[in-house]
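Have a look at work.tsv below; it lists TSV, C-alpha atoms.
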```tsv
chain	number	residue	atom	x	y	z
A	1	MET	CA	0.00	0.00	0.00
A	2	LYS	CA	1.51	3.28	-1.12
A	3	SER	CA	0.72	6.16	1.24
A	4	LEU	CA	-0.23	9.57	-0.12
A	5	LYS	CA	-0.70	12.10	2.63
A	6	ILE	CA	-0.58	12.73	6.34
A	7	GLY	CA	-3.97	13.28	7.96
A	8	LEU	CA	-4.94	13.71	11.58
A	9	ALA	CA	-8.33	12.57	12.80
A	10	LEU	CA	-9.79	14.96	15.33
A	11	LEU	CA	-13.01	15.84	17.06
A	12	LEU	CA	-14.37	19.17	15.90
A	13	VAL	CA	-17.09	20.95	17.82
A	14	ILE	CA	-19.01	24.16	17.98
A	15	ALA	CA	-19.39	24.73	21.70
A	16	VAL	CA	-19.43	27.23	24.53
A	17	ALA	CA	-17.78	26.07	27.75
A	18	GLY	CA	-20.29	25.24	30.45
A	19	VAL	CA	-23.35	25.18	28.20
A	20	VAL	CA	-25.84	22.39	28.88
A	21	PHE	CA	-27.44	21.17	25.66
A	22	ALA	CA	-31.25	21.31	25.89
A	23	ALA	CA	-31.70	20.24	22.29
A	24	PRO	CA	-30.19	17.01	20.92
A	25	ILE	CA	-26.49	17.16	20.07
A	26	LYS	CA	-26.18	16.77	16.32
A	27	ILE	CA	-23.25	14.55	15.28
A	28	GLY	CA	-22.20	14.19	11.64
A	29	THR	CA	-20.08	11.69	9.74
A	30	LYS	CA	-18.70	11.35	6.26
A	31	ASN	CA	-19.45	8.41	4.00
A	32	PHE	CA	-16.79	5.82	4.80
A	33	THR	CA	-16.16	3.16	7.42
A	34	GLU	CA	-13.89	4.97	9.86
A	35	GLN	CA	-16.32	7.88	10.02
A	36	PHE	CA	-19.29	5.57	10.64
A	37	VAL	CA	-17.44	3.79	13.45
A	38	VAL	CA	-16.19	6.91	15.23
A	39	GLY	CA	-19.51	8.71	14.75
A	40	ASN	CA	-21.35	5.88	16.46
A	41	LEU	CA	-18.76	5.75	19.24
A	42	MET	CA	-19.25	9.46	19.91
A	43	SER	CA	-23.01	8.97	19.90
A	44	ILE	CA	-22.86	6.08	22.38
A	45	LEU	CA	-20.44	7.98	24.64
A	46	LEU	CA	-22.72	11.02	24.86
A	47	GLU	CA	-25.91	8.99	25.25
A	48	ASN	CA	-24.34	7.05	28.12
A	49	ARG	CA	-23.73	10.40	29.80
A	50	GLY	CA	-27.35	11.42	29.53
A	51	TYR	CA	-27.36	13.52	26.36
A	52	ASP	CA	-29.90	13.27	23.56
A	53	VAL	CA	-28.09	12.71	20.26
A	54	GLN	CA	-28.98	12.91	16.58
A	55	LEU	CA	-26.53	11.08	14.31
A	56	LYS	CA	-26.40	12.16	10.67
A	57	THR	CA	-24.26	9.90	8.49
A	58	GLY	CA	-23.03	9.64	4.91
A	59	MET	CA	-22.09	13.23	4.09
A	60	SER	CA	-19.32	14.38	1.77
A	61	SER	CA	-16.49	16.40	3.32
A	62	THR	CA	-17.74	19.71	1.95
A	63	VAL	CA	-21.34	19.09	3.01
A	64	MET	CA	-20.28	18.15	6.54
A	65	ARG	CA	-18.02	21.19	6.78
A	66	ALA	CA	-20.83	23.50	5.66
A	67	ALA	CA	-23.13	21.92	8.25
A	68	MET	CA	-20.57	22.63	10.97
A	69	GLU	CA	-20.17	26.23	9.87
A	70	ASN	CA	-23.89	27.00	9.68
A	71	GLY	CA	-24.82	25.22	12.91
A	72	ASP	CA	-26.64	22.24	11.45
A	73	LEU	CA	-24.09	20.04	13.25
A	74	ASP	CA	-22.53	20.37	16.70
A	75	LEU	CA	-19.87	17.69	16.55
A	76	CYS	CA	-17.92	15.65	14.02
A	77	MET	CA	-14.57	14.02	13.43
A	78	ASP	CA	-12.45	15.63	10.74
A	79	TYR	CA	-8.89	15.74	9.45
A	80	THR	CA	-6.35	18.54	9.59
A	81	GLY	CA	-5.18	17.92	6.03
A	82	THR	CA	-8.73	18.14	4.72
A	83	GLN	CA	-9.34	21.40	6.56
A	84	TRP	CA	-6.09	23.05	5.49
A	85	LEU	CA	-5.94	21.92	1.87
A	86	THR	CA	-9.57	21.46	0.85
A	87	TYR	CA	-11.74	23.71	3.00
A	88	THR	CA	-9.43	26.72	3.19
A	89	GLY	CA	-7.32	26.20	0.06
A	90	HIS	CA	-3.84	26.36	1.59
A	91	GLU	CA	-0.80	24.52	0.27
A	92	PHE	CA	1.07	21.79	2.12
A	93	LYS	CA	4.55	23.10	2.99
A	94	GLY	CA	5.94	20.10	4.81
A	95	GLU	CA	4.36	20.80	8.18
A	96	THR	CA	4.65	18.15	10.87
A	97	PRO	CA	1.37	16.70	12.22
A	98	GLU	CA	1.75	18.89	15.31
A	99	GLU	CA	2.34	22.04	13.25
A	100	MET	CA	-0.61	21.26	11.00
A	101	TYR	CA	-2.87	20.76	14.00
A	102	ALA	CA	-1.78	24.07	15.56
A	103	GLN	CA	-2.40	26.14	12.45
A	104	VAL	CA	-5.75	24.46	11.72
A	105	LYS	CA	-6.90	24.99	15.30
A	106	LYS	CA	-5.95	28.67	15.14
A	107	SER	CA	-7.57	29.20	11.74
A	108	ASP	CA	-10.90	27.64	12.68
A	109	ALA	CA	-11.05	29.38	16.07
A	110	GLU	CA	-11.53	32.61	14.13
A	111	ILE	CA	-14.91	31.35	12.85
A	112	GLY	CA	-16.06	29.72	16.07
A	113	LEU	CA	-14.99	26.15	15.41
A	114	VAL	CA	-13.10	24.42	18.22
A	115	TRP	CA	-10.71	21.52	17.57
A	116	LEU	CA	-10.44	19.19	20.56
A	117	ASN	CA	-7.36	17.16	21.43
A	118	PRO	CA	-6.21	15.00	18.51
A	119	ILE	CA	-6.97	11.32	18.24
A	120	TRP	CA	-3.68	10.91	16.32
A	121	CYS	CA	-5.23	8.53	13.85
A	122	ASN	CA	-3.70	8.60	10.37
A	123	ASN	CA	-6.39	7.51	7.94
A	124	THR	CA	-4.31	8.53	4.95
A	125	TYR	CA	-5.24	8.08	1.33
A	126	ALA	CA	-3.24	5.33	-0.36
A	127	ILE	CA	-2.99	3.43	-3.63
A	128	ALA	CA	-3.29	-0.37	-3.45
A	129	VAL	CA	-2.53	-3.09	-5.99
A	130	LYS	CA	-2.70	-6.87	-5.77
A	131	LYS	CA	0.40	-8.62	-4.47
A	132	GLU	CA	0.72	-10.65	-7.68
A	133	PHE	CA	0.68	-7.49	-9.78
A	134	ALA	CA	3.32	-5.85	-7.57
A	135	GLU	CA	5.62	-8.86	-7.86
A	136	GLU	CA	5.18	-9.25	-11.62
A	137	ASN	CA	5.76	-5.56	-12.36
A	138	ASN	CA	8.08	-4.56	-9.49
A	139	VAL	CA	5.63	-1.93	-8.25
A	140	TYR	CA	6.13	-1.29	-4.54
A	141	THR	CA	6.27	2.51	-4.26
A	142	LEU	CA	4.43	5.47	-5.74
A	143	SER	CA	7.47	6.14	-7.93
A	144	ASP	CA	7.27	2.56	-9.24
A	145	PHE	CA	3.56	2.99	-9.89
A	146	ALA	CA	4.06	6.28	-11.71
A	147	ALA	CA	6.68	4.68	-13.95
A	148	TYR	CA	4.30	1.81	-14.73
A	149	VAL	CA	1.45	4.19	-15.65
A	150	ASN	CA	3.77	6.16	-17.93
A	151	GLU	CA	4.99	2.95	-19.56
A	152	LYS	CA	1.35	2.09	-20.32
A	153	GLU	CA	0.71	5.65	-21.59
A	154	GLY	CA	-1.87	6.23	-18.87
A	155	LYS	CA	-3.98	3.26	-19.94
A	156	VAL	CA	-4.18	1.73	-16.47
A	157	PRO	CA	-7.63	0.96	-15.01
A	158	PHE	CA	-7.93	2.80	-11.71
A	159	ALA	CA	-10.81	3.03	-9.20
A	160	SER	CA	-11.30	6.04	-6.96
A	161	ASP	CA	-13.98	7.59	-4.84
A	162	PHE	CA	-15.39	10.92	-6.04
A	163	GLU	CA	-13.62	13.06	-3.45
A	164	PHE	CA	-10.12	11.69	-3.99
A	165	TYR	CA	-10.51	12.16	-7.74
A	166	SER	CA	-11.28	15.87	-7.36
A	167	ARG	CA	-9.24	16.96	-4.32
A	168	PRO	CA	-6.00	18.94	-4.81
A	169	ASP	CA	-4.24	16.52	-2.45
A	170	GLY	CA	-5.83	13.53	-4.20
A	171	ILE	CA	-5.23	12.21	-7.69
A	172	ILE	CA	-4.61	15.73	-9.04
A	173	GLY	CA	-1.73	16.37	-6.66
A	174	LEU	CA	-0.45	12.81	-6.94
A	175	GLN	CA	-0.12	12.98	-10.72
A	176	ALA	CA	1.57	16.39	-10.53
A	177	LYS	CA	4.02	15.25	-7.83
A	178	TYR	CA	5.06	12.01	-9.53
A	179	GLY	CA	4.81	13.09	-13.16
A	180	PHE	CA	2.22	10.72	-14.59
A	181	ALA	CA	-1.37	10.90	-15.78
A	182	PHE	CA	-4.17	8.39	-16.14
A	183	GLN	CA	-6.16	8.57	-19.31
A	184	PRO	CA	-9.57	9.79	-18.04
A	185	SER	CA	-11.45	6.94	-19.70
A	186	TYR	CA	-9.47	4.47	-17.57
A	187	VAL	CA	-10.56	6.03	-14.25
A	188	THR	CA	-13.78	4.89	-12.58
A	189	THR	CA	-15.24	6.95	-9.73
A	190	VAL	CA	-17.48	5.16	-7.24
A	191	LEU	CA	-18.69	5.46	-3.66
A	192	PRO	CA	-16.12	4.79	-0.90
A	193	GLY	CA	-15.92	1.08	-0.20
A	194	LEU	CA	-16.82	0.05	-3.75
A	195	THR	CA	-13.25	0.66	-4.87
A	196	PHE	CA	-12.37	-2.63	-3.14
A	197	GLU	CA	-14.68	-4.54	-5.44
A	198	TYR	CA	-13.03	-3.12	-8.55
A	199	LEU	CA	-9.57	-4.25	-7.52
A	200	ASN	CA	-10.67	-7.57	-6.05
A	201	THR	CA	-12.61	-8.57	-9.19
A	202	GLY	CA	-9.98	-7.36	-11.64
A	203	LYS	CA	-11.98	-4.41	-12.96
A	204	SER	CA	-9.07	-2.16	-12.00
A	205	VAL	CA	-5.31	-2.62	-11.73
A	206	ALA	CA	-5.07	-0.22	-8.81
A	207	THR	CA	-7.49	1.40	-6.41
A	208	MET	CA	-7.71	4.17	-3.87
A	209	VAL	CA	-7.93	2.97	-0.28
A	210	PHE	CA	-7.71	4.49	3.18
A	211	GLY	CA	-4.84	3.67	5.51
A	212	THR	CA	-7.16	2.04	8.04
A	213	ASP	CA	-9.05	-0.14	5.52
A	214	SER	CA	-9.08	-3.75	6.68
A	215	ALA	CA	-9.43	-4.97	3.08
A	216	VAL	CA	-5.75	-4.20	2.50
A	217	VAL	CA	-4.79	-6.82	5.09
A	218	LYS	CA	-7.66	-9.18	4.27
A	219	TYR	CA	-6.70	-9.49	0.61
A	220	GLY	CA	-2.95	-9.06	1.03
A	221	TRP	CA	-2.75	-6.00	-1.20
A	222	VAL	CA	0.45	-4.02	-1.54
```
Output the file's structure as structure tokens, nothing else.
Amino acid sequence: MKSLKIGLALLLVIAVAGVVFAAPIKIGTKNFTEQFVVGNLMSILLENRGYDVQLKTGMSSTVMRAAMENGDLDLCMDYTGTQWLTYTGHEFKGETPEEMYAQVKKSDAEIGLVWLNPIWCNNTYAIAVKKEFAEENNVYTLSDFAAYVNEKEGKVPFASDFEFYSRPDGIIGLQAKYGFAFQPSYVTTVLPGLTFEYLNTGKSVATMVFGTDSAVVKYGWV
């Protein structure tokens, strides 16, 4: 599995210290496994402490961010890299995870969003291929993969979710950094989780995965 970016998972809240919530606390999640799991954990934790909770799942990053900003959500888990690169349009300049957290926390405080202590989970984007493919073609790093795509003139079937395909730190940034380009007709965009099916059934040579995806271990992907 070839890692693409550093991302910190954090709890993000709109809150005022000491306020008791009379209305249900609205928790939001994005549309992939880690978000579903952590969202439900937050919901259970708060319910066990006597709070009423509404859990809203399956949102895209931009929709969830907008909901946080306009008050439709009170609490969510998000990622420093997503905030800095996607929501606010900054460039990555080699910041450490701690530096990224500090600047994101400061930036969002200006609009009333409070980042809690980090979970320090790195659910990074990554590219996965089957072990047999890696061995046959000597593809074990992103540089190896870029060279393979160039050798095939971009005609390499690739599966991605919609967000990774359009994000500046997704396939756009990856191709620019490593000097290769898929031919658009060879890229399939699907919902998160369905990318596994494309690689596992041979519909794609490579697929986008998350660093915490159990399928990588289950199927022995590289």
Can you write out as JSON lines which residues of stretch 53-167 of chain A fall within 10 Å of stretch 179-198 of chain A, alongside each residue's closest atom pair and its distance in Å to one decimal, counting all atoms listed in the file and ordering rows by chain and ascending residue number?
```
{"residue": "A:Ala128", "atom": "CA", "partner": "A:Phe196", "partner_atom": "CA", "distance": 9.4}
{"residue": "A:Ser143", "atom": "CA", "partner": "A:Gly179", "partner_atom": "CA", "distance": 9.1}
{"residue": "A:Phe145", "atom": "CA", "partner": "A:Phe180", "partner_atom": "CA", "distance": 9.1}
{"residue": "A:Ala146", "atom": "CA", "partner": "A:Phe180", "partner_atom": "CA", "distance": 5.6}
{"residue": "A:Ala147", "atom": "CA", "partner": "A:Phe180", "partner_atom": "CA", "distance": 7.5}
{"residue": "A:Tyr148", "atom": "CA", "partner": "A:Phe180", "partner_atom": "CA", "distance": 9.2}
{"residue": "A:Val149", "atom": "CA", "partner": "A:Phe180", "partner_atom": "CA", "distance": 6.7}
{"residue": "A:Asn150", "atom": "CA", "partner": "A:Phe180", "partner_atom": "CA", "distance": 5.9}
{"residue": "A:Glu151", "atom": "CA", "partner": "A:Phe180", "partner_atom": "CA", "distance": 9.6}
{"residue": "A:Lys152", "atom": "CA", "partner": "A:Phe182", "partner_atom": "CA", "distance": 9.4}
{"residue": "A:Glu153", "atom": "CA", "partner": "A:Gln183", "partner_atom": "CA", "distance": 7.8}
{"residue": "A:Gly154", "atom": "CA", "partner": "A:Phe182", "partner_atom": "CA", "distance": 4.2}
{"residue": "A:Lys155", "atom": "CA", "partner": "A:Gln183", "partner_atom": "CA", "distance": 5.8}
{"residue": "A:Val156", "atom": "CA", "partner": "A:Tyr186", "partner_atom": "CA", "distance": 6.1}
{"residue": "A:Pro157", "atom": "CA", "partner": "A:Tyr186", "partner_atom": "CA", "distance": 4.7}
{"residue": "A:Phe158", "atom": "CA", "partner": "A:Val187", "partner_atom": "CA", "distance": 4.9}
{"residue": "A:Ala159", "atom": "CA", "partner": "A:Thr188", "partner_atom": "CA", "distance": 4.9}
{"residue": "A:Ser160", "atom": "CA", "partner": "A:Thr189", "partner_atom": "CA", "distance": 4.9}
{"residue": "A:Asp161", "atom": "CA", "partner": "A:Val190", "partner_atom": "CA", "distance": 4.9}
{"residue": "A:Phe162", "atom": "CA", "partner": "A:Thr189", "partner_atom": "CA", "distance": 5.4}
{"residue": "A:Glu163", "atom": "CA", "partner": "A:Thr189", "partner_atom": "CA", "distance": 8.9}
{"residue": "A:Phe164", "atom": "CA", "partner": "A:Thr189", "partner_atom": "CA", "distance": 9.0}
{"residue": "A:Tyr165", "atom": "CA", "partner": "A:Thr189", "partner_atom": "CA", "distance": 7.3}
```
*By how many Å are atom CA of A:Asp74 and atom CA of A:Tyr125 apart?*
26.2 Å
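The space between atom CA of A:Asn123 and atom CA of A:Gly211 spans 4.8 Å.
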Stretch 40-71 of chain A near stretch 103-109 of chain A within 12 Å: what's each residue's closest atom pair and its distance in Å to one decimal, counting all atoms listed in the file, ordered by chain then ascending residue number, as CSV?
```
residue,atom,partner,partner_atom,distance
A:Arg65,CA,A:Asp108,CA,11.3
A:Met68,CA,A:Asp108,CA,11.0
A:Glu69,CA,A:Asp108,CA,9.8
```
*asked:* Please list, as a ChimeraX atom specification, the residues that have an atom at most 10 Å away from (-1.4, -2.8, -0.6) in the coordinates of this file, counting all atoms listed in the file.
replied: /A:1-3,126-131,134,140,206-209,211,215-217,219-222
*asked:* Please determine, counting only C-alpha atoms, which residue among A:Ser43, A:Ser60, A:Asn200, A:Gln35 has the shortest atom-to-atom distance to A:Lys218.
replied: A:Asn200
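Closest approach to A:Pro24 among A:Asn70, A:Trp115, A:Leu75, A:Phe36 is made by A:Leu75 (distances from all atoms listed in the file).
The space separating atom CA of A:Gln175 from atom CA of A:Gln83 comes to 21.3 Å.
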For a cut-off of 10 Å around (-23.7, 5.3, 17.1), file coordinates, pick out all residues using only C-alpha atoms and list them as a short mmCIF file (atom, residue, chain, number, x, y, z; two decimals) with C-alpha atoms, in the coordinates of the input.
```cif
data_model
loop_
_atom_site.label_atom_id
_atom_site.label_comp_id
_atom_site.auth_asym_id
_atom_site.auth_seq_id
_atom_site.Cartn_x
_atom_site.Cartn_y
_atom_site.Cartn_z
CA ILE A 27 -23.25 14.55 15.28
CA PHE A 36 -19.29 5.57 10.64
CA VAL A 37 -17.44 3.79 13.45
CA VAL A 38 -16.19 6.91 15.23
CA GLY A 39 -19.51 8.71 14.75
CA ASN A 40 -21.35 5.88 16.46
CA LEU A 41 -18.76 5.75 19.24
CA MET A 42 -19.25 9.46 19.91
CA SER A 43 -23.01 8.97 19.90
CA ILE A 44 -22.86 6.08 22.38
CA LEU A 45 -20.44 7.98 24.64
CA LEU A 46 -22.72 11.02 24.86
CA GLU A 47 -25.91 8.99 25.25
CA VAL A 53 -28.09 12.71 20.26
CA GLN A 54 -28.98 12.91 16.58
CA LEU A 55 -26.53 11.08 14.31
CA LYS A 56 -26.40 12.16 10.67
CA THR A 57 -24.26 9.90 8.49
#
```
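Considering only C-alpha atoms, the residue among A:Lys30, A:Leu113, A:Trp84, A:Tyr51 positioned nearest to A:Met64 is A:Lys30.
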